[in-house]
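Below you'll find the structure, written out as structure tokens, and then a few comments.
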Amino acid sequence: MYAFVKARESGARTYANSIGVVIEKGRLARVTDNAGKDYLDCLSCAGTLATGHNHPYILAKVKEFLQSGHVLQALDMTTPAKYRFLVKLLECLPPEFARHVRFQSCGPSGADAVEAALKLFKTATGRRTVLAFHGAYHGMTAGALALTGNLTAKRQVASIMPDVHFLPYPYSYRCPFGLGGEQSDDTSLAYIERMLADPESGVTAPAAMIVEAIQGEGGVIPASAKWLRGIREITARLDIPLIIDEIQTGFGRTADRLGNHYGIRHDARVISKAVGGGFPLSMLLYHEKYDTWQAGAHAGTFRGNQIAMVAGAACLEVIQAEQLVAQARAKGNYLETRLRELACRFSILGDIRGRGLMWGIEVIAPDAAPDAIGSYPADGAMARTIKQRCLANGLIIETGGRHSAVLRLLPPLIISEQELDEAIDKLSRSIEEALG
């Protein structure tokens, strides 16, 4: 089965290249392949499955809906499922933002919500320039790819959207200014502010700035509260709309309520992944003052995915009922402690970072020469070997970041503390085998 699909599938496939098994069944934090082997899933569909695989409450709601006779697709027409979903989503937003929010339902992919945001803010401001950040990931469609830092998918693609300018993200371990620590935040903010104020910077007045509060694919790099608040202060003062990309970080993943990273006010959010409760859906949420586009300015056949709206509302109910945001905070603290214990044992683990249930472990070459701030070169080959050993030991993780040297943990929010211990034990054994 695996060989048949591999022989005929596109060369652009990714996860299937490193997870070389046929995944057949799943329940909560576990999946089983067609040979009956059990795996602890700490990837959860790149963070999509906030409540894990086949959560019984969500399954029950979807089954009930499928047997109800309601329409399955409805473009952007009003339906009971859409109404209930939007009411539930509003409850999860910061009150000030919720009072003035407008919704645009987008196509199945988060990238489509990014494309919608680009159209909206270029229309509302009459400007064309967009600001993004080194290490960013916003999707693989034309505009979203133009905003993405990783060069792999961009090198061979001509005519990517112009007028995108990349700014330094405060990556403390590999500070773009060679400083590290809080100096990374201060220098990044000073650079951005002076560049935007410089009449000869070469950058015209921006239509928007888009940023991830924690870069996911870029290597799980969290921005500090100080830096995000500084970014908000600069953009507000200079009348630059601020878009928060919460496609991977949303719905309790980082132990924050949706749209509430450090309490900063924002002009728009793009959300997807967990918003559909395991089914495809993406949305653009923005302040009503920017609602200046005309009917049909953004559309998509599957923006009315009723099953995703039913599952999404159920997912939000589970998150609230089971207090998964608070659990993500407690479990994240516990996971951080266990990961730092690992880092003390293995010198190849150079940096541990994350929030809630979103963690990155940067694999380094400790025998090589460090840079000026004491950071060692990334070791992508070793990270890939560890990931392969994890799969053999029944643990699914992913790699990302510079040189794919960051081991990424994105377990579902319903994972138990015992399962976190199991994940750490399997990771530890896999590192020993990779070194061995």
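Within each chain, counting starts at residue 1; across the structure tokens, chains are named A, B, ... in the order shown, with ligands numbered 1 upward in that order.
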DSSP on the backbone, then: every residue of region 296-392 of chain A marked alpha helix (DSSP H), written as a count of residues only.
-> 51
DSSP on the backbone, then: every residue of region 49-273 of chain A marked strand (DSSP E or B), written as a VMD selection string.
-> chain A and resid 53 73 101 to 106 129 to 133 164 to 167 206 to 211 214 to 215 221 to 222 242 to 245 268 to 271
Contact residues around Leu409 (chain A) with only C-alpha atoms at 10 Å, ignoring same-chain residues under 2 positions, as an NGL selection string | :A and (41-44 or 46-47 or 220 or 335 or 354 or 357-361 or 396-399 or 406-407 or 411-412 or 423)
Generate the output file for the selected residues, N, CA and C atoms, as a compact mmCIF listing (two decimals), in the first residue's frame.
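What ended up in part-v4.txt:
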```
# COMPACT_ATOMS: atom_id res chain seq x y z
N ASP A 41 1.28 10.19 19.09
CA ASP A 41 1.33 11.22 18.05
C ASP A 41 1.57 12.60 18.66
N CYS A 42 2.81 13.06 18.59
CA CYS A 42 3.16 14.40 19.06
C CYS A 42 3.37 15.36 17.89
N LEU A 43 2.70 15.06 16.79
CA LEU A 43 2.63 15.96 15.64
C LEU A 43 1.20 16.48 15.47
N SER A 44 0.23 15.61 15.71
CA SER A 44 -1.21 15.91 15.64
C SER A 44 -1.57 16.77 14.43
N ALA A 46 0.29 18.50 12.31
CA ALA A 46 0.92 19.83 12.36
C ALA A 46 0.16 20.79 13.28
N GLY A 47 -0.33 20.25 14.39
CA GLY A 47 -1.01 21.08 15.38
C GLY A 47 -2.50 21.25 15.15
N VAL A 220 9.89 26.86 16.02
CA VAL A 220 9.30 27.10 17.34
C VAL A 220 10.07 28.20 18.07
N LEU A 335 6.23 19.68 30.66
CA LEU A 335 7.02 19.24 29.51
C LEU A 335 8.33 20.02 29.42
N GLY A 354 9.60 27.26 23.74
CA GLY A 354 8.20 27.05 23.40
C GLY A 354 7.29 27.62 24.45
N LEU A 357 1.74 23.75 24.69
CA LEU A 357 2.06 22.45 24.10
C LEU A 357 2.59 22.63 22.69
N MET A 358 3.56 23.53 22.57
CA MET A 358 4.25 23.81 21.30
C MET A 358 5.72 24.02 21.64
N TRP A 359 6.56 23.00 21.40
CA TRP A 359 7.95 23.05 21.86
C TRP A 359 8.92 22.68 20.74
N GLY A 360 10.07 23.33 20.79
CA GLY A 360 11.14 23.04 19.85
C GLY A 360 12.43 22.72 20.57
N ILE A 361 13.18 21.76 20.05
CA ILE A 361 14.47 21.35 20.62
C ILE A 361 15.51 21.47 19.52
N ILE A 396 5.78 9.89 17.09
CA ILE A 396 5.74 10.71 15.88
C ILE A 396 6.01 12.17 16.26
N ILE A 397 7.10 12.72 15.72
CA ILE A 397 7.43 14.14 15.88
C ILE A 397 7.79 14.68 14.50
N GLU A 398 8.15 15.95 14.43
CA GLU A 398 8.56 16.54 13.17
C GLU A 398 9.79 17.41 13.39
N THR A 399 10.45 17.76 12.31
CA THR A 399 11.57 18.69 12.37
C THR A 399 11.22 19.97 11.63
N VAL A 406 15.52 21.48 14.17
CA VAL A 406 14.72 21.64 15.38
C VAL A 406 13.70 20.51 15.45
N LEU A 407 13.75 19.72 16.53
CA LEU A 407 12.74 18.70 16.79
C LEU A 407 11.51 19.40 17.34
N PRO A 411 1.89 17.99 20.54
CA PRO A 411 0.91 16.98 20.95
C PRO A 411 -0.48 17.58 21.06
N PRO A 412 -1.53 16.77 20.96
CA PRO A 412 -2.89 17.29 21.18
C PRO A 412 -3.04 17.78 22.62
N ALA A 423 6.40 10.09 26.02
CA ALA A 423 7.04 10.78 24.89
C ALA A 423 8.49 11.11 25.21
```
Which residues, written as a PyMOL selection string, have at least one atom at most 10 Å from Leu189 (chain A), with only C-alpha atoms counted and residues fewer than 2 positions away on the same chain left out?
-> chain A and resi 167-170+183-187+191-195+226-228+230-231+234
Exercise: Lys61 (chain A) partners within 10 Å, only C-alpha atoms, chain neighbours under 2 positions left out, as a PDB file with N, CA, C and O atoms, in the first residue's frame:
```pdb
ATOM      1  N   PRO A  56     -14.501  11.617  20.979  1.00  0.00           N
ATOM      2  CA  PRO A  56     -15.871  11.083  20.941  1.00  0.00           C
ATOM      3  C   PRO A  56     -16.960  12.149  20.906  1.00  0.00           C
ATOM      4  O   PRO A  56     -17.991  11.962  20.251  1.00  0.00           O
ATOM      5  N   TYR A  57     -16.773  13.276  21.591  1.00  0.00           N
ATOM      6  CA  TYR A  57     -17.797  14.324  21.588  1.00  0.00           C
ATOM      7  C   TYR A  57     -17.924  14.945  20.194  1.00  0.00           C
ATOM      8  O   TYR A  57     -19.041  15.151  19.695  1.00  0.00           O
ATOM      9  N   ILE A  58     -16.780  15.219  19.559  1.00  0.00           N
ATOM     10  CA  ILE A  58     -16.819  15.811  18.222  1.00  0.00           C
ATOM     11  C   ILE A  58     -17.398  14.816  17.225  1.00  0.00           C
ATOM     12  O   ILE A  58     -18.226  15.188  16.361  1.00  0.00           O
ATOM     13  N   LEU A  59     -17.012  13.549  17.325  1.00  0.00           N
ATOM     14  CA  LEU A  59     -17.569  12.530  16.433  1.00  0.00           C
ATOM     15  C   LEU A  59     -19.087  12.445  16.575  1.00  0.00           C
ATOM     16  O   LEU A  59     -19.809  12.327  15.582  1.00  0.00           O
ATOM     17  N   LYS A  63     -21.691  13.064  13.546  1.00  0.00           N
ATOM     18  CA  LYS A  63     -22.636  12.014  13.159  1.00  0.00           C
ATOM     19  C   LYS A  63     -24.074  12.523  13.242  1.00  0.00           C
ATOM     20  O   LYS A  63     -24.896  12.262  12.357  1.00  0.00           O
ATOM     21  N   GLU A  64     -24.370  13.240  14.296  1.00  0.00           N
ATOM     22  CA  GLU A  64     -25.710  13.813  14.467  1.00  0.00           C
ATOM     23  C   GLU A  64     -26.042  14.755  13.310  1.00  0.00           C
ATOM     24  O   GLU A  64     -27.152  14.730  12.762  1.00  0.00           O
ATOM     25  N   PHE A  65     -25.072  15.566  12.927  1.00  0.00           N
ATOM     26  CA  PHE A  65     -25.286  16.507  11.835  1.00  0.00           C
ATOM     27  C   PHE A  65     -25.482  15.777  10.494  1.00  0.00           C
ATOM     28  O   PHE A  65     -26.372  16.117   9.716  1.00  0.00           O
ATOM     29  N   LEU A  66     -24.647  14.768  10.238  1.00  0.00           N
ATOM     30  CA  LEU A  66     -24.747  14.038   8.974  1.00  0.00           C
ATOM     31  C   LEU A  66     -26.092  13.334   8.822  1.00  0.00           C
ATOM     32  O   LEU A  66     -26.562  13.117   7.695  1.00  0.00           O
ATOM     33  N   ILE A 307     -19.621  20.725   7.792  1.00  0.00           N
ATOM     34  CA  ILE A 307     -19.090  19.724   8.717  1.00  0.00           C
ATOM     35  C   ILE A 307     -17.985  20.336   9.568  1.00  0.00           C
ATOM     36  O   ILE A 307     -17.911  20.110  10.781  1.00  0.00           O
ATOM     37  N   VAL A 310     -19.548  22.542  12.248  1.00  0.00           N
ATOM     38  CA  VAL A 310     -20.111  21.734  13.332  1.00  0.00           C
ATOM     39  C   VAL A 310     -18.986  21.186  14.207  1.00  0.00           C
ATOM     40  O   VAL A 310     -19.028  21.269  15.445  1.00  0.00           O
ATOM     41  N   ALA A 311     -17.966  20.615  13.575  1.00  0.00           N
ATOM     42  CA  ALA A 311     -16.835  20.057  14.332  1.00  0.00           C
ATOM     43  C   ALA A 311     -16.067  21.155  15.057  1.00  0.00           C
ATOM     44  O   ALA A 311     -15.601  20.958  16.188  1.00  0.00           O
ATOM     45  N   ALA A 313     -17.242  24.057  16.229  1.00  0.00           N
ATOM     46  CA  ALA A 313     -18.003  24.470  17.409  1.00  0.00           C
ATOM     47  C   ALA A 313     -17.864  23.433  18.522  1.00  0.00           C
ATOM     48  O   ALA A 313     -17.692  23.784  19.696  1.00  0.00           O
ATOM     49  N   ALA A 314     -17.916  22.153  18.150  1.00  0.00           N
ATOM     50  CA  ALA A 314     -17.760  21.084  19.141  1.00  0.00           C
ATOM     51  C   ALA A 314     -16.367  21.103  19.760  1.00  0.00           C
ATOM     52  O   ALA A 314     -16.205  20.883  20.967  1.00  0.00           O
ATOM     53  N   CYS A 315     -15.353  21.368  18.936  1.00  0.00           N
ATOM     54  CA  CYS A 315     -13.975  21.454  19.427  1.00  0.00           C
ATOM     55  C   CYS A 315     -13.852  22.572  20.460  1.00  0.00           C
ATOM     56  O   CYS A 315     -13.239  22.384  21.523  1.00  0.00           O
TER      57      CYS A 315
END
```
Which neighbours of Ala372 (chain A) fall inside 12 Å, counting only C-alpha atoms, when residues of the same chain fewer than 3 positions from it are skipped, and could you give them as number ranges by chain?
-> A: 173-180, 369, 375-377
Counting only C-alpha atoms, what is within 8 Å of Ser109 (chain A), bar same-chain residues fewer than 2 positions away, as a PyMOL selection string?
-> chain A and resi 106-107+111-113+272+280-282
Quick one: of A:Pro162, A:Gly436, A:Gly202, A:Gly20, who's nearest to Asp33 (chain A), counting only C-alpha atoms?
-> A:Gly20
Which distance in Å separates CA of Ala321 (chain A) and CA of Phe97 (chain A), to one decimal?
->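 These two atoms are separated by 22.9 Å.
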For Gly276 (chain A), which residue among A:Leu420, A:Leu120, A:Ile352, A:Met309 is the nearest when counting only C-alpha atoms?
-> A:Met309
